[in-house]
>>> print(open('my_file05.txt').read())   # compact mmCIF, C-alpha atoms
# COMPACT_ATOMS: atom_id res chain seq x y z
CA MET A 1 54.35 128.94 93.61
CA ASN A 2 56.82 126.42 95.00
CA LYS A 3 59.70 127.93 96.96
CA VAL A 4 63.11 126.46 97.77
CA LEU A 5 65.95 127.48 100.06
CA ILE A 6 69.37 126.50 98.68
CA THR A 7 72.39 126.86 100.95
CA GLY A 8 75.72 127.36 99.23
CA GLY A 9 73.82 128.39 96.12
CA MET A 10 76.32 130.85 94.65
CA SER A 11 78.62 128.34 92.97
CA GLY A 12 79.10 124.76 91.84
CA ILE A 13 76.27 122.31 92.51
CA GLY A 14 74.31 124.94 94.43
CA LEU A 15 74.31 127.40 91.53
CA ALA A 16 73.36 124.66 89.07
CA ALA A 17 70.49 123.68 91.38
CA THR A 18 69.41 127.32 91.59
CA VAL A 19 69.16 127.52 87.80
CA GLU A 20 67.37 124.15 87.60
CA PHE A 21 64.68 125.19 90.08
CA LEU A 22 64.27 128.61 88.46
CA ASN A 23 63.81 126.98 85.06
CA LYS A 24 61.07 124.83 86.58
CA GLY A 25 59.22 127.92 87.79
CA TRP A 26 60.20 127.84 91.45
CA MET A 27 61.10 130.80 93.62
CA VAL A 28 64.67 130.36 94.92
CA ILE A 29 66.24 131.86 98.03
CA ILE A 30 70.03 131.48 98.05
CA ALA A 31 71.75 131.43 101.43
CA ASP A 32 75.51 131.81 101.06
CA LYS A 33 78.24 133.77 102.81
CA ASN A 34 79.83 134.55 99.45
CA GLU A 35 78.09 137.07 97.22
CA ASP A 36 78.75 137.34 93.47
CA ASN A 37 76.98 140.42 92.16
CA ASP A 38 77.58 139.49 88.52
CA ILE A 39 75.86 136.13 88.96
CA LEU A 40 73.04 137.64 91.02
CA ASN A 41 72.38 140.41 88.54
CA GLU A 42 72.29 137.91 85.69
CA LEU A 43 69.85 135.68 87.57
CA LYS A 44 67.63 138.60 88.56
CA GLU A 45 67.55 139.82 84.97
CA SER A 46 66.55 136.39 83.68
CA TYR A 47 64.20 135.39 86.51
CA GLU A 48 62.82 138.69 87.74
CA GLY A 49 61.01 138.39 91.06
CA ASN A 50 61.81 134.72 91.60
CA ILE A 51 65.40 134.88 92.93
CA PHE A 52 66.56 136.26 96.27
CA TYR A 53 69.90 136.24 98.06
CA VAL A 54 70.44 136.38 101.82
CA LYS A 55 74.04 136.60 103.00
CA THR A 56 74.32 133.79 105.52
CA ASP A 57 77.00 131.79 107.26
CA VAL A 58 74.97 128.61 107.65
CA SER A 59 77.38 127.29 110.30
CA LYS A 60 76.20 130.00 112.73
CA ASP A 61 72.96 129.79 114.67
CA SER A 62 72.40 133.56 114.65
CA ASP A 63 72.78 133.75 110.87
CA VAL A 64 70.32 130.93 110.18
CA LYS A 65 67.85 132.42 112.65
CA ASP A 66 68.13 135.73 110.81
CA LEU A 67 67.77 133.91 107.48
CA HIS A 68 64.49 132.39 108.68
CA ARG A 69 63.17 135.81 109.70
CA LYS A 70 64.13 137.38 106.38
CA ILE A 71 62.47 134.58 104.40
CA GLN A 72 59.29 135.11 106.40
CA ASP A 73 59.45 138.77 105.38
CA LEU A 74 60.11 137.93 101.72
CA THR A 75 57.47 135.24 101.30
CA ASP A 76 55.33 132.88 103.35
CA GLY A 77 58.12 130.35 103.86
CA VAL A 78 59.57 127.57 101.72
CA ASN A 79 58.42 124.04 100.95
CA CYS A 80 61.85 122.63 100.05
CA ILE A 81 65.28 122.91 101.65
CA VAL A 82 68.44 122.01 99.76
CA ASN A 83 71.26 121.71 102.30
CA ASN A 84 74.14 122.07 99.88
CA ALA A 85 76.73 124.25 101.66
CA GLY A 86 80.02 122.46 102.04
CA ILE A 87 83.80 122.74 102.14
CA ILE A 88 86.62 120.22 101.81
CA VAL A 89 89.84 119.44 103.68
CA HIS A 90 92.67 117.16 102.58
CA GLY A 91 95.38 115.56 104.69
CA LEU A 92 96.06 112.88 107.26
CA LEU A 93 93.92 112.93 110.38
CA HIS A 94 96.76 113.17 112.90
CA GLU A 95 98.16 116.18 111.04
CA ALA A 96 94.84 118.03 110.83
CA LYS A 97 94.29 121.23 112.77
CA GLU A 98 91.39 121.43 115.18
CA ASP A 99 89.88 124.40 113.36
CA GLU A 100 89.89 122.42 110.10
CA TRP A 101 87.79 119.72 111.77
CA ASP A 102 85.46 122.29 113.37
CA ASN A 103 85.01 124.42 110.24
CA LEU A 104 84.19 121.46 108.01
CA MET A 105 81.83 119.79 110.49
CA ASN A 106 80.07 123.08 111.18
CA THR A 107 79.65 123.97 107.52
CA ASP A 108 78.70 120.55 106.19
CA VAL A 109 76.81 118.95 109.10
CA LYS A 110 75.86 121.51 111.75
CA SER A 111 74.28 123.66 109.02
CA ILE A 112 71.73 120.89 108.37
CA TYR A 113 70.83 120.83 112.07
CA LEU A 114 70.40 124.62 112.01
CA THR A 115 68.10 124.70 108.98
CA ALA A 116 66.09 121.92 110.63
CA LYS A 117 65.94 123.90 113.87
CA TYR A 118 64.45 126.96 112.21
CA PHE A 119 62.54 125.64 109.19
CA ILE A 120 61.14 122.17 109.85
CA SER A 121 58.38 123.47 112.14
CA ASP A 122 57.20 125.58 109.19
CA LEU A 123 57.16 122.53 106.90
CA ILE A 124 55.15 120.59 109.48
CA LYS A 125 52.69 123.45 109.86
CA GLU A 126 52.24 123.70 106.08
CA GLY A 127 51.56 119.98 105.71
CA GLY A 128 54.91 118.74 104.44
CA GLY A 129 57.74 119.37 102.04
CA THR A 130 61.06 117.99 100.90
CA ILE A 131 64.63 118.18 102.15
CA ILE A 132 67.65 117.27 100.04
CA ASN A 133 71.11 117.08 101.59
CA THR A 134 74.27 117.15 99.51
CA ALA A 135 76.37 114.22 100.68
CA SER A 136 79.00 112.50 98.53
CA ILE A 137 80.40 109.20 97.39
CA SER A 138 82.87 110.05 100.16
CA GLY A 139 80.05 109.48 102.64
CA LEU A 140 79.50 105.97 101.30
CA ALA A 141 83.15 104.84 101.26
CA GLY A 142 86.59 106.08 102.31
CA ASP A 143 89.17 108.11 100.43
CA TYR A 144 92.89 108.47 100.85
CA GLU A 145 93.84 111.53 102.92
CA MET A 146 90.30 112.92 103.27
CA PRO A 147 89.24 111.64 106.72
CA ILE A 148 87.48 114.79 107.94
CA TYR A 149 85.51 115.10 104.71
CA ASN A 150 84.66 111.39 104.88
CA ALA A 151 83.47 111.79 108.46
CA ALA A 152 81.26 114.76 107.59
CA LYS A 153 79.71 113.25 104.49
CA GLY A 154 79.20 109.94 106.29
CA ALA A 155 77.37 111.85 109.01
CA ILE A 156 75.13 113.44 106.38
CA VAL A 157 74.30 110.04 104.89
CA ASN A 158 73.06 108.66 108.21
CA LEU A 159 71.51 111.95 109.29
CA THR A 160 69.45 111.80 106.08
CA ARG A 161 68.14 108.37 107.09
CA ALA A 162 67.31 109.55 110.61
CA MET A 163 65.50 112.66 109.37
CA ALA A 164 63.57 110.55 106.86
CA LEU A 165 62.32 108.31 109.67
CA ASP A 166 61.41 111.11 112.08
CA TYR A 167 59.61 113.43 109.68
CA ALA A 168 57.84 111.04 107.30
CA GLU A 169 54.69 111.18 109.43
CA PHE A 170 54.56 114.91 108.74
CA ASN A 171 54.73 114.32 104.96
CA ILE A 172 58.33 115.56 104.85
CA ARG A 173 60.59 113.48 102.63
CA THR A 174 64.34 113.66 103.28
CA ASN A 175 66.89 112.34 100.78
CA SER A 176 70.45 113.05 99.76
CA VAL A 177 72.57 113.09 96.63
CA CYS A 178 75.97 111.39 96.73
CA PRO A 179 78.00 112.52 93.72
CA ALA A 180 81.50 111.44 92.77
CA ALA A 181 83.97 114.08 91.55
CA VAL A 182 82.10 117.08 90.11
CA ARG A 183 83.51 119.90 88.01
CA THR A 184 83.22 122.63 90.66
CA PRO A 185 85.64 125.11 92.27
CA MET A 186 86.20 122.55 95.06
CA LEU A 187 87.88 120.15 92.63
CA ASN A 188 91.53 120.77 91.80
CA PRO A 189 91.61 121.16 87.98
CA ASP A 190 94.90 119.29 87.90
CA ASN A 191 93.09 116.17 89.09
CA ILE A 192 90.22 116.18 86.57
CA ASP A 193 91.91 113.79 84.13
CA LYS A 194 92.86 111.45 86.97
CA TYR A 195 89.29 111.30 88.30
CA ALA A 196 87.90 110.88 84.79
CA GLU A 197 90.21 107.97 84.03
CA ALA A 198 89.17 106.20 87.25
CA ASN A 199 85.48 106.41 86.37
CA PRO A 200 83.72 103.76 84.24
CA LEU A 201 82.23 106.57 82.12
CA LYS A 202 85.71 108.10 81.65
CA ARG A 203 84.56 111.58 82.60
CA ILE A 204 83.69 113.51 85.73
CA CYS A 205 80.23 114.67 86.70
CA GLU A 206 78.91 118.08 85.68
CA PRO A 207 77.07 120.24 88.27
CA LYS A 208 73.85 120.26 86.23
CA GLU A 209 73.71 116.46 86.42
CA VAL A 210 73.60 116.64 90.21
CA ALA A 211 71.14 119.54 90.04
CA LYS A 212 68.71 117.45 88.00
CA ALA A 213 68.86 114.70 90.63
CA ILE A 214 68.27 117.25 93.39
CA TYR A 215 65.23 118.57 91.56
CA PHE A 216 63.91 115.03 91.05
CA LEU A 217 64.11 114.40 94.80
CA ALA A 218 62.41 117.73 95.50
CA SER A 219 59.53 117.11 93.12
CA GLU A 220 56.49 114.84 93.12
CA GLU A 221 58.28 112.69 90.54
CA SER A 222 60.05 111.09 93.55
CA SER A 223 56.95 110.97 95.76
CA TYR A 224 57.81 107.57 97.27
CA CYS A 225 61.53 108.22 97.78
CA ASN A 226 62.40 108.79 101.42
CA GLY A 227 65.72 108.20 103.14
CA VAL A 228 67.48 107.60 99.83
CA ASN A 229 71.18 108.42 99.54
CA LEU A 230 71.33 108.57 95.76
CA PRO A 231 74.73 107.75 94.20
CA ILE A 232 75.54 109.95 91.20
CA THR A 233 78.85 108.37 90.43
CA GLY A 234 78.98 107.12 86.86
CA GLY A 235 79.31 103.65 88.38
CA LEU A 236 82.43 104.40 90.40
CA ASP A 237 80.86 102.99 93.57
CA ILE A 238 79.95 99.62 92.04
CA GLN A 239 83.52 98.41 91.45
CA THR A 240 85.12 95.72 93.60
CA GLY A 241 88.56 97.18 93.00
CA GLN A 242 89.78 94.08 91.17
CA PRO A 243 91.84 94.79 88.04
CA LYS A 244 90.27 94.48 84.60
>>> encode(input="my_file05.txt", output="structure tokens")
Amino acid sequence: MNKVLITGGMSGIGLAATVEFLNKGWMVIIADKNEDNDILNELKESYEGNIFYVKTDVSKDSDVKDLHRKIQDLTDGVNCIVNNAGIIVHGLLHEAKEDEWDNLMNTDVKSIYLTAKYFISDLIKEGGGTIINTASISGLAGDYEMPIYNAAKGAIVNLTRAMALDYAEFNIRTNSVCPAAVRTPMLNPDNIDKYAEANPLKRICEPKEVAKAIYFLASEESSYCNGVNLPITGGLDIQTGQPK
């Protein structure tokens, strides 16, 4: 059975990815610092034996080390890692607090380093696997008043390329998804209509649409994709900005 670790898997894109992989017959281990017993119980009832939760702050070395040990106890490792955990910060850079910078960078970027530190040796030993990082359209271009988020997602975009180069010889493919605005708890509901109007498709992205792209990059259907930062934007990133 294929097995996947999904960080930040309790809500939004991560939860949609969890359901997508479970529906495809994979075992899923969710690593998240937030636990929702109602969601977990529902998943366990529907996918008995194939879903596990490990409370983890993926920004902390000790937590990810413990996560690795617990996964070894649960099963014989994973062959896919979905680095999805992330937070967001708004505001001008010179007004940002140092802990806002640190918390976002640690959650969004350092967490990818930590899963690599503890899990990539296992993938190499097992003959390969796949890694999918959740980046963003905000890693491909800039936004107003989101500089820390832009910096983090931009780091993920280039980190994805670097990992793809370094680990390809071990049959490990590394790619990322770069969605535009997605209907998740991170998106202010008051802004949904505004984001939808700005998009060529006149709607925002749904979490399951990103989840399907994540699964594609995890599966053999994308066997020659490596180092791809896949835009899932409805065409938002192809505009020049000129008026219609």
>>> closest_residue(input="my_file05.txt", among="A:Asp73, A:Asn79, A:Asp63, A:Asp57", to="Lys125 (chain A)", atoms="only C-alpha atoms")
A:Asn79
>>> atom_distance(input="my_file05.txt", atom1="CA of Leu201 (chain A)", atom2="CA of Ala16 (chain A)")
21.3 Å
>>> residues_around(input="my_file05.txt", residues="Thr130 (chain A)", least_positions_apart="3", cutoff="6 Å", atoms="all atoms listed in the file", output="number ranges by chain")
A: 80, 172-174, 218
>>> closest_residue(input="my_file05.txt", among="A:Leu114, A:Ser138, A:Ala181, A:Val210", to="Lys194 (chain A)", atoms="only C-alpha atoms")
A:Ala181
>>> closest_residue(input="my_file05.txt", among="A:Pro179, A:Ile214, A:Leu40, A:Leu165", to="Ala141 (chain A)", atoms="only C-alpha atoms")
A:Pro179
>>> closest_residue(input="my_file05.txt", among="A:Ala180, A:Val58, A:Ile71, A:Ile6", to="Asn83 (chain A)", atoms="all atoms listed in the file")
A:Ile6
>>> atom_distance(input="my_file05.txt", atom1="CA of His68 (chain A)", atom2="CA of Thr115 (chain A)")
8.5 Å
>>> closest_residue(input="my_file05.txt", among="A:Val28, A:Ile131, A:Val19, A:Ile124", to="Phe170 (chain A)", atoms="only C-alpha atoms")
A:Ile124
>>> residues_around(input="my_file05.txt", residues="Lys55 (chain A)", least_positions_apart="6", cutoff="12 Å", atoms="all atoms listed in the file", output="list in words")
Ile6, Thr7, Gly8, Gly9, Met10, Ile29, Ile30, Ala31, Asp32, Lys33, Asn34, Glu35, Asp36, Asn37, Asp63, Val64, Asp66, Leu67, His68, Lys70 and Ile71 of chain A
>>> decode(input="my_file05.txt", residues="region 142-158 of chain A", atoms="C-alpha atoms", output="compact mmCIF listing (two decimals), in the first residue's frame")
# COMPACT_ATOMS: atom_id res chain seq x y z
CA GLY A 142 4.27 39.85 -5.56
CA ASP A 143 1.16 40.96 -3.69
CA TYR A 144 0.26 44.19 -1.99
CA GLU A 145 0.95 44.11 1.76
CA MET A 146 1.99 40.42 1.92
CA PRO A 147 5.81 40.64 1.82
CA ILE A 148 6.56 37.95 4.42
CA TYR A 149 4.17 35.50 2.77
CA ASN A 150 5.66 36.35 -0.64
CA ALA A 151 9.16 35.75 0.71
CA ALA A 152 8.22 32.37 2.19
CA LYS A 153 6.34 31.09 -0.83
CA GLY A 154 9.08 32.36 -3.14
CA ALA A 155 11.57 30.40 -1.04
CA ILE A 156 9.44 27.26 -1.45
CA VAL A 157 9.34 27.70 -5.22
CA ASN A 158 13.13 27.77 -5.52
